[in-house]
Amino acid sequence: MADTLLEIFNSKKGSMHPAVIIPKSAQVPSDINYSQLLDILYDFSRKLASQVPARCLARGSSISISYPNSLEFTVAFLASTYMSLIASPLNPAYTQDEFNFYLEDSKSTIMILPKGALNEKNNPAVLAAQKQGAIIVEVHWNGTGIEVNARVPSNLVNEPHRTIETFSPKPDEPALLLHTSGTTGRPKGVPLTHLNLLTSMRNIVNTYELTPNDCTLLVMPLFHVHGLICGLLSTLLSGGVAVIPRKFSASHFWQDFQDNKCNWYTAVPTIHQILLRSPPSQVPSVRFIRSCSSSLAPSTLHQLEEAFKAPVLEAYAMTEASHQMTSNPLPHRGPHKAGSVGLGQGVEVVILDDAGNPAELGEVCIRGKNVTKGYLNNPEATASSFTKDGYFRTGDQGKKDKDGYLILTGRIKELINRGGEKISPIELDSVMLSHPKISEAVSFGVPDDMYGQEVHAAVVLKSGVKDDEKSIERELIAYCQSKLAKFKVPKRFYVTSVMPKTATGKIQRRKICEVFFKAPAKPQAKL
């Protein structure tokens with residue numbers, strides 16, 4: 001069982017130390033210790049195995065889990081990996097077409113949903129599962145036990161079943177299947193083994209020196225690698241406590257944080273900015289704040305540290321690396337630098353040029369036991385994503401400073417190429433976010449006949465700012481001109497109240513370009 005997710009429980013059997021807390025803001029508040037969590041996991045496994053045909057639980061089968069953050073999700077995920085299955089978490093907000101794609105791509109045999117899903121008219125997850133032939137299993141924690149109700153087709157009812165004694169996961173077996181966000185095309189399946197995940201979890205525990213004395217408020221969705229690996233699994237590996245509200249709520253965050261004696265959290269910059277706008281009446285003791293999954297503007301980092309009296313540590317992660325690759329260190333281990341994503345954490349990080357040779361500025365490439373072996377059923381993408389020396393190409397452009405700290409300068413495919421001048425959108429975003437009237441800002445390239453690409457930007461104004469769009473645009477152009485080379489200054493600004501984002505709060509520049517920029521129609525040639 002070494003190097004599998006069961007290591008979470010290896011030294012905690014019989015432990016009464018809290019593991020998962022469902023806070024008072026949830027419908028069924030619960031305090032679950034490690035011993036109880038293991039019992040619930042086994043109970044879920046037994047009930048599922050007794051209700052579902054053995055062929056649907058064959059080793060290596062995919063189980064899709066579409067559930068909000070909850071004890072039910074936690075148990076379903078851990079039980080799936082314990083049963084030598086592949087957990088495939090899905091965003092509950094997906095459309096039917098999206099569910100169809102992910103179920104078909106993963107070939108999931110089971111779809112785990114909340115209680116009552118089957119009674120909902122036109123539930124997209126149910127309709128997709130029925131179309132793909134996946135057995136629907138409703139799961140519910142009632143406060144004392146885990147309810148499991150499988151809707152098994154009549155022609156499968158009499159098929160043989162497995163017993164949980166036949167399950168024994170192995171380190172090199174996939175435990176998790178996620179998909180890339182599709183920022184550069186069709187989402188690609190990323191299988192991650194027990195060893196991949198456990199390596200990343202150990203790295204995270206070491207980076208932040210997590211112990212049983214630590215307690216985190218989990219605000220990132222568990223269907224995403226950020227919340228699942230860092231927020232939940234690394235916490236459990238360390239013996240700490242994960243407080244799991246159903247979703248992030250600024251109105252409940254600080255009360256839940258204080259009530260449960262939390263001392264750290266990890267989130268995307270969007271959530272940090274929301275919390276800055278909704279500060280607590282009294283700042284609790286915070287050991288550190290972690291930021292990941294999107295670039296954190298130095299101005300936001302400084303505001304967080306000033307408001308919440310804690311070090312803000314920016315990290316760098318990818319699904320293909322089982323989440324974390326680099327992070328700024330805790331203060332006693334070294335400086336944490338605004339504008340940098342820190343140092344490699346149990347991961348080898350190099351900068352390479354197009355030919356795969358070392359470079360000062362180039363593509364960030366990584367190597368480590370946390371990195372996937374390749375994409376699901378996509379040998380072409382796998383081959384193009386690794387160098388001959390086994391480094392994974394992240395697709396990010398970056399450089400290292402004199403201390404070896406990594407500085408990202410943009411996605412290689414997102415770099416704006418204006419007449420041959422390569423412009424980093426991350427740099428532009430940071431400058432715009434330093435303006436006192438701007439809450440969110442995203443720069444992007446748009447097609448241009450003269451330069452190939454021109455720079456545009458979308459911004460969200462801070463609460464209370466009443467300036468009209470034209471005056472804000474003039475002000476921002478002047479502001480950017482004072483801080484940037486002329487060719488970098490956005491030619492056009494779009495003011496919006498809501499910035500389009502993915503479900504995890506990540507901004508996709510390609511999507512934002514599609515939303516705000518409407519290319520002028522080309523004139524028809526005269527006959």
# chains A, B, ... in the order shown; residues from 1 in each chain; ligands from 1
call {"tool": "residues_around", "arguments": {"residues": "Ser88 (chain A)", "least_positions_apart": "4", "cutoff": "9 Å", "atoms": "only C-alpha atoms", "output": "PyMOL selection string"}}
result
chain A and resi 62-66+77+102-103+106+108+175-178+223
call {"tool": "write_last_selection", "arguments": {"atoms": "C-alpha atoms", "output": "PDB file, in the first residue's frame"}}
result
ATOM      1  CA  SER A  62     -13.692   5.579 -14.195  1.00  0.00           C
ATOM      2  CA  ILE A  63     -16.252   6.907 -11.729  1.00  0.00           C
ATOM      3  CA  SER A  64     -17.530  10.428 -12.349  1.00  0.00           C
ATOM      4  CA  ILE A  65     -18.399  12.546  -9.310  1.00  0.00           C
ATOM      5  CA  SER A  66     -20.538  15.629  -9.857  1.00  0.00           C
ATOM      6  CA  PHE A  77     -13.318  10.369  -4.065  1.00  0.00           C
ATOM      7  CA  TYR A 102     -16.502  14.195 -20.209  1.00  0.00           C
ATOM      8  CA  LEU A 103     -18.434  10.985 -19.577  1.00  0.00           C
ATOM      9  CA  SER A 106     -13.480   9.082 -19.535  1.00  0.00           C
ATOM     10  CA  SER A 108     -17.211   6.405 -16.807  1.00  0.00           C
ATOM     11  CA  ALA A 175      -6.353   7.442  -9.256  1.00  0.00           C
ATOM     12  CA  LEU A 176      -7.633  10.700 -10.727  1.00  0.00           C
ATOM     13  CA  LEU A 177      -8.689  11.856 -14.174  1.00  0.00           C
ATOM     14  CA  LEU A 178      -9.005  15.580 -14.793  1.00  0.00           C
ATOM     15  CA  PHE A 223     -13.551  19.123  -8.847  1.00  0.00           C
TER      16      PHE A 223
END
call {"tool": "select_by_dssp", "arguments": {"residues": "region 347-463 of chain A", "states": "alpha helix (DSSP H)", "output": "ChimeraX atom specification"}}
result
/A:379-385,425-433
call {"tool": "residues_around", "arguments": {"residues": "Val137 (chain A)", "least_positions_apart": "6", "cutoff": "8 Å", "atoms": "only C-alpha atoms", "output": "mmCIF file with C-alpha atoms, in the first residue's frame"}}
result
data_model
loop_
_atom_site.group_PDB
_atom_site.id
_atom_site.type_symbol
_atom_site.label_atom_id
_atom_site.label_comp_id
_atom_site.auth_asym_id
_atom_site.auth_seq_id
_atom_site.Cartn_x
_atom_site.Cartn_y
_atom_site.Cartn_z
ATOM 1 C CA ILE A 110 -20.876 5.318 -12.727
ATOM 2 C CA MET A 111 -22.084 8.871 -12.112
ATOM 3 C CA ILE A 112 -22.274 9.937 -8.457
ATOM 4 C CA LEU A 113 -24.809 12.697 -7.785
ATOM 5 C CA VAL A 148 -25.967 5.116 -1.202
ATOM 6 C CA ASN A 149 -28.733 4.529 -3.743
ATOM 7 C CA ALA A 150 -27.740 3.074 -7.112
ATOM 8 C CA ARG A 151 -30.248 3.136 -9.985
#
call {"tool": "closest_residue", "arguments": {"among": "A:Pro436, A:Pro279, A:Gly445, A:Gly342", "to": "Glu414 (chain A)", "atoms": "only C-alpha atoms"}}
result
A:Gly445
call {"tool": "closest_residue", "arguments": {"among": "A:Lys13, A:Arg474, A:His456, A:His179", "to": "Val225 (chain A)", "atoms": "only C-alpha atoms"}}
result
A:His179
call {"tool": "closest_residue", "arguments": {"among": "A:Lys402, A:His224, A:Lys24, A:His194", "to": "Thr502 (chain A)", "atoms": "only C-alpha atoms"}}
result
A:His224
call {"tool": "residues_around", "arguments": {"residues": "Thr372 (chain A)", "least_positions_apart": "4", "cutoff": "9 Å", "atoms": "only C-alpha atoms", "output": "list in words"}}
result
Val190, Pro191, Leu192, Thr193, Asn196, Thr319, Glu320, Ala321, Ser322 and Phe392 of chain A
call {"tool": "closest_residue", "arguments": {"among": "A:Arg59, A:His336, A:Lys488, A:His161", "to": "Ser424 (chain A)", "atoms": "only C-alpha atoms"}}
result
A:Lys488
call {"tool": "closest_residue", "arguments": {"among": "A:Ala355, A:Ile423, A:Ala19, A:Leu5", "to": "Leu197 (chain A)", "atoms": "only C-alpha atoms"}}
result
A:Leu5
call {"tool": "atom_distance", "arguments": {"atom1": "CA of Thr163 (chain A)", "atom2": "CA of Asn91 (chain A)"}}
result
29.8 Å
call {"tool": "closest_atom_pairs", "arguments": {"of": "region 136-242 of chain A", "to": "region 28-32 of chain A", "cutoff": "8 Å", "atoms": "only C-alpha atoms", "output": "JSON lines"}}
result
{"residue": "A:Trp141", "atom": "CA", "partner": "A:Val28", "partner_atom": "CA", "distance": 8.0}
{"residue": "A:Asn142", "atom": "CA", "partner": "A:Val28", "partner_atom": "CA", "distance": 7.1}
{"residue": "A:Gly143", "atom": "CA", "partner": "A:Val28", "partner_atom": "CA", "distance": 6.2}
call {"tool": "write_last_selection", "arguments": {"atoms": "N, CA and C atoms", "output": "mmCIF file, in the first residue's frame"}}
result
data_model
loop_
_atom_site.group_PDB
_atom_site.id
_atom_site.type_symbol
_atom_site.label_atom_id
_atom_site.label_comp_id
_atom_site.auth_asym_id
_atom_site.auth_seq_id
_atom_site.Cartn_x
_atom_site.Cartn_y
_atom_site.Cartn_z
ATOM 1 N N TRP A 141 -25.052 12.262 2.936
ATOM 2 C CA TRP A 141 -24.653 12.158 4.341
ATOM 3 C C TRP A 141 -25.778 12.755 5.184
ATOM 4 N N ASN A 142 -26.379 11.925 6.037
ATOM 5 C CA ASN A 142 -27.533 12.388 6.811
ATOM 6 C C ASN A 142 -27.165 12.878 8.209
ATOM 7 N N GLY A 143 -25.890 12.922 8.489
ATOM 8 C CA GLY A 143 -25.432 13.370 9.800
ATOM 9 C C GLY A 143 -24.959 12.230 10.680
#
call {"tool": "decode", "arguments": {"residues": "region 64-183 of chain A", "atoms": "C-alpha atoms", "output": "PDB file, in the first residue's frame"}}
result
ATOM      1  CA  SER A  64     -17.530  10.428 -12.349  1.00  0.00           C
ATOM      2  CA  ILE A  65     -18.399  12.546  -9.310  1.00  0.00           C
ATOM      3  CA  SER A  66     -20.538  15.629  -9.857  1.00  0.00           C
ATOM      4  CA  TYR A  67     -21.061  17.012  -6.383  1.00  0.00           C
ATOM      5  CA  PRO A  68     -20.535  20.362  -4.624  1.00  0.00           C
ATOM      6  CA  ASN A  69     -17.827  20.561  -1.959  1.00  0.00           C
ATOM      7  CA  SER A  70     -18.975  18.280   0.829  1.00  0.00           C
ATOM      8  CA  LEU A  71     -18.277  15.243   2.972  1.00  0.00           C
ATOM      9  CA  GLU A  72     -20.040  13.190   0.287  1.00  0.00           C
ATOM     10  CA  PHE A  73     -17.536  14.303  -2.363  1.00  0.00           C
ATOM     11  CA  THR A  74     -14.615  13.617  -0.017  1.00  0.00           C
ATOM     12  CA  VAL A  75     -15.817  10.098   0.767  1.00  0.00           C
ATOM     13  CA  ALA A  76     -16.736   9.250  -2.838  1.00  0.00           C
ATOM     14  CA  PHE A  77     -13.318  10.369  -4.065  1.00  0.00           C
ATOM     15  CA  LEU A  78     -11.296   8.562  -1.396  1.00  0.00           C
ATOM     16  CA  ALA A  79     -13.392   5.413  -1.704  1.00  0.00           C
ATOM     17  CA  SER A  80     -12.994   5.359  -5.487  1.00  0.00           C
ATOM     18  CA  THR A  81      -9.211   5.489  -5.196  1.00  0.00           C
ATOM     19  CA  TYR A  82      -9.247   2.857  -2.441  1.00  0.00           C
ATOM     20  CA  MET A  83     -11.289   0.582  -4.726  1.00  0.00           C
ATOM     21  CA  SER A  84      -8.608   0.789  -7.476  1.00  0.00           C
ATOM     22  CA  LEU A  85     -10.906   2.962  -9.564  1.00  0.00           C
ATOM     23  CA  ILE A  86     -10.256   6.304 -11.252  1.00  0.00           C
ATOM     24  CA  ALA A  87     -12.142   9.247  -9.788  1.00  0.00           C
ATOM     25  CA  SER A  88     -13.270  11.735 -12.436  1.00  0.00           C
ATOM     26  CA  PRO A  89     -14.663  14.838 -10.702  1.00  0.00           C
ATOM     27  CA  LEU A  90     -16.965  17.040 -12.781  1.00  0.00           C
ATOM     28  CA  ASN A  91     -18.250  20.570 -12.292  1.00  0.00           C
ATOM     29  CA  PRO A  92     -21.927  20.373 -11.221  1.00  0.00           C
ATOM     30  CA  ALA A  93     -22.600  23.496 -13.315  1.00  0.00           C
ATOM     31  CA  TYR A  94     -21.790  21.764 -16.610  1.00  0.00           C
ATOM     32  CA  THR A  95     -24.362  21.659 -19.385  1.00  0.00           C
ATOM     33  CA  GLN A  96     -25.677  18.371 -20.747  1.00  0.00           C
ATOM     34  CA  ASP A  97     -23.321  18.609 -23.742  1.00  0.00           C
ATOM     35  CA  GLU A  98     -20.348  19.131 -21.431  1.00  0.00           C
ATOM     36  CA  PHE A  99     -21.332  16.188 -19.229  1.00  0.00           C
ATOM     37  CA  ASN A 100     -21.713  14.085 -22.385  1.00  0.00           C
ATOM     38  CA  PHE A 101     -18.205  14.986 -23.524  1.00  0.00           C
ATOM     39  CA  TYR A 102     -16.502  14.195 -20.209  1.00  0.00           C
ATOM     40  CA  LEU A 103     -18.434  10.985 -19.577  1.00  0.00           C
ATOM     41  CA  GLU A 104     -17.704   9.750 -23.070  1.00  0.00           C
ATOM     42  CA  ASP A 105     -14.031  10.746 -22.918  1.00  0.00           C
ATOM     43  CA  SER A 106     -13.480   9.082 -19.535  1.00  0.00           C
ATOM     44  CA  LYS A 107     -15.769   6.116 -20.310  1.00  0.00           C
ATOM     45  CA  SER A 108     -17.211   6.405 -16.807  1.00  0.00           C
ATOM     46  CA  THR A 109     -19.314   3.468 -15.672  1.00  0.00           C
ATOM     47  CA  ILE A 110     -20.876   5.318 -12.727  1.00  0.00           C
ATOM     48  CA  MET A 111     -22.084   8.871 -12.112  1.00  0.00           C
ATOM     49  CA  ILE A 112     -22.274   9.937  -8.457  1.00  0.00           C
ATOM     50  CA  LEU A 113     -24.809  12.697  -7.785  1.00  0.00           C
ATOM     51  CA  PRO A 114     -26.563  14.334  -4.816  1.00  0.00           C
ATOM     52  CA  LYS A 115     -29.724  12.817  -3.363  1.00  0.00           C
ATOM     53  CA  GLY A 116     -32.798  13.819  -5.347  1.00  0.00           C
ATOM     54  CA  ALA A 117     -31.010  14.322  -8.661  1.00  0.00           C
ATOM     55  CA  LEU A 118     -33.104  11.609 -10.314  1.00  0.00           C
ATOM     56  CA  ASN A 119     -36.295  13.452  -9.357  1.00  0.00           C
ATOM     57  CA  GLU A 120     -35.204  16.689 -11.004  1.00  0.00           C
ATOM     58  CA  LYS A 121     -36.718  17.369 -14.394  1.00  0.00           C
ATOM     59  CA  ASN A 122     -34.125  17.700 -17.164  1.00  0.00           C
ATOM     60  CA  ASN A 123     -31.140  17.397 -14.820  1.00  0.00           C
ATOM     61  CA  PRO A 124     -28.213  17.694 -17.296  1.00  0.00           C
ATOM     62  CA  ALA A 125     -25.969  15.259 -15.391  1.00  0.00           C
ATOM     63  CA  VAL A 126     -28.735  12.638 -15.225  1.00  0.00           C
ATOM     64  CA  LEU A 127     -29.604  13.018 -18.908  1.00  0.00           C
ATOM     65  CA  ALA A 128     -25.960  12.713 -19.924  1.00  0.00           C
ATOM     66  CA  ALA A 129     -25.371   9.688 -17.687  1.00  0.00           C
ATOM     67  CA  GLN A 130     -28.414   7.961 -19.149  1.00  0.00           C
ATOM     68  CA  LYS A 131     -27.241   8.710 -22.680  1.00  0.00           C
ATOM     69  CA  GLN A 132     -23.743   7.383 -21.947  1.00  0.00           C
ATOM     70  CA  GLY A 133     -24.979   4.282 -20.119  1.00  0.00           C
ATOM     71  CA  ALA A 134     -23.449   5.212 -16.760  1.00  0.00           C
ATOM     72  CA  ILE A 135     -25.204   3.943 -13.639  1.00  0.00           C
ATOM     73  CA  ILE A 136     -26.490   6.842 -11.539  1.00  0.00           C
ATOM     74  CA  VAL A 137     -25.707   6.623  -7.833  1.00  0.00           C
ATOM     75  CA  GLU A 138     -27.223   9.122  -5.402  1.00  0.00           C
ATOM     76  CA  VAL A 139     -25.150   9.719  -2.267  1.00  0.00           C
ATOM     77  CA  HIS A 140     -26.154  11.574   0.896  1.00  0.00           C
ATOM     78  CA  TRP A 141     -24.653  12.158   4.341  1.00  0.00           C
ATOM     79  CA  ASN A 142     -27.533  12.388   6.811  1.00  0.00           C
ATOM     80  CA  GLY A 143     -25.432  13.370   9.800  1.00  0.00           C
ATOM     81  CA  THR A 144     -25.001   9.848  11.136  1.00  0.00           C
ATOM     82  CA  GLY A 145     -24.382   7.665   8.089  1.00  0.00           C
ATOM     83  CA  ILE A 146     -23.728   7.646   4.365  1.00  0.00           C
ATOM     84  CA  GLU A 147     -26.714   6.766   2.152  1.00  0.00           C
ATOM     85  CA  VAL A 148     -25.967   5.116  -1.202  1.00  0.00           C
ATOM     86  CA  ASN A 149     -28.733   4.529  -3.743  1.00  0.00           C
ATOM     87  CA  ALA A 150     -27.740   3.074  -7.112  1.00  0.00           C
ATOM     88  CA  ARG A 151     -30.248   3.136  -9.985  1.00  0.00           C
ATOM     89  CA  VAL A 152     -29.258  -0.119 -11.667  1.00  0.00           C
ATOM     90  CA  PRO A 153     -31.005  -1.123 -14.931  1.00  0.00           C
ATOM     91  CA  SER A 154     -33.163  -4.233 -14.552  1.00  0.00           C
ATOM     92  CA  ASN A 155     -31.035  -6.257 -16.975  1.00  0.00           C
ATOM     93  CA  LEU A 156     -27.986  -5.796 -14.685  1.00  0.00           C
ATOM     94  CA  VAL A 157     -29.619  -6.439 -11.308  1.00  0.00           C
ATOM     95  CA  ASN A 158     -28.648 -10.124 -11.125  1.00  0.00           C
ATOM     96  CA  GLU A 159     -25.025  -9.699 -12.194  1.00  0.00           C
ATOM     97  CA  PRO A 160     -22.235 -10.668  -9.736  1.00  0.00           C
ATOM     98  CA  HIS A 161     -20.743  -8.141  -7.318  1.00  0.00           C
ATOM     99  CA  ARG A 162     -17.265  -7.460  -5.952  1.00  0.00           C
ATOM    100  CA  THR A 163     -16.333  -7.397  -2.308  1.00  0.00           C
ATOM    101  CA  ILE A 164     -14.137  -4.659  -0.889  1.00  0.00           C
ATOM    102  CA  GLU A 165     -11.563  -7.287   0.147  1.00  0.00           C
ATOM    103  CA  THR A 166     -10.630  -7.595  -3.553  1.00  0.00           C
ATOM    104  CA  PHE A 167      -9.498  -3.961  -3.759  1.00  0.00           C
ATOM    105  CA  SER A 168      -5.824  -3.076  -3.396  1.00  0.00           C
ATOM    106  CA  PRO A 169      -4.571   0.039  -5.224  1.00  0.00           C
ATOM    107  CA  LYS A 170      -1.045   0.233  -6.635  1.00  0.00           C
ATOM    108  CA  PRO A 171       1.247   3.282  -6.857  1.00  0.00           C
ATOM    109  CA  ASP A 172       1.468   3.320 -10.661  1.00  0.00           C
ATOM    110  CA  GLU A 173      -2.296   2.999 -11.216  1.00  0.00           C
ATOM    111  CA  PRO A 174      -4.294   6.110 -12.155  1.00  0.00           C
ATOM    112  CA  ALA A 175      -6.353   7.442  -9.256  1.00  0.00           C
ATOM    113  CA  LEU A 176      -7.633  10.700 -10.727  1.00  0.00           C
ATOM    114  CA  LEU A 177      -8.689  11.856 -14.174  1.00  0.00           C
ATOM    115  CA  LEU A 178      -9.005  15.580 -14.793  1.00  0.00           C
ATOM    116  CA  HIS A 179      -9.099  17.600 -17.975  1.00  0.00           C
ATOM    117  CA  THR A 180      -7.123  20.655 -19.007  1.00  0.00           C
ATOM    118  CA  SER A 181      -9.127  23.866 -19.100  1.00  0.00           C
ATOM    119  CA  GLY A 182      -8.978  23.977 -22.865  1.00  0.00           C
ATOM    120  CA  THR A 183      -7.371  27.426 -23.072  1.00  0.00           C
TER     121      THR A 183
END
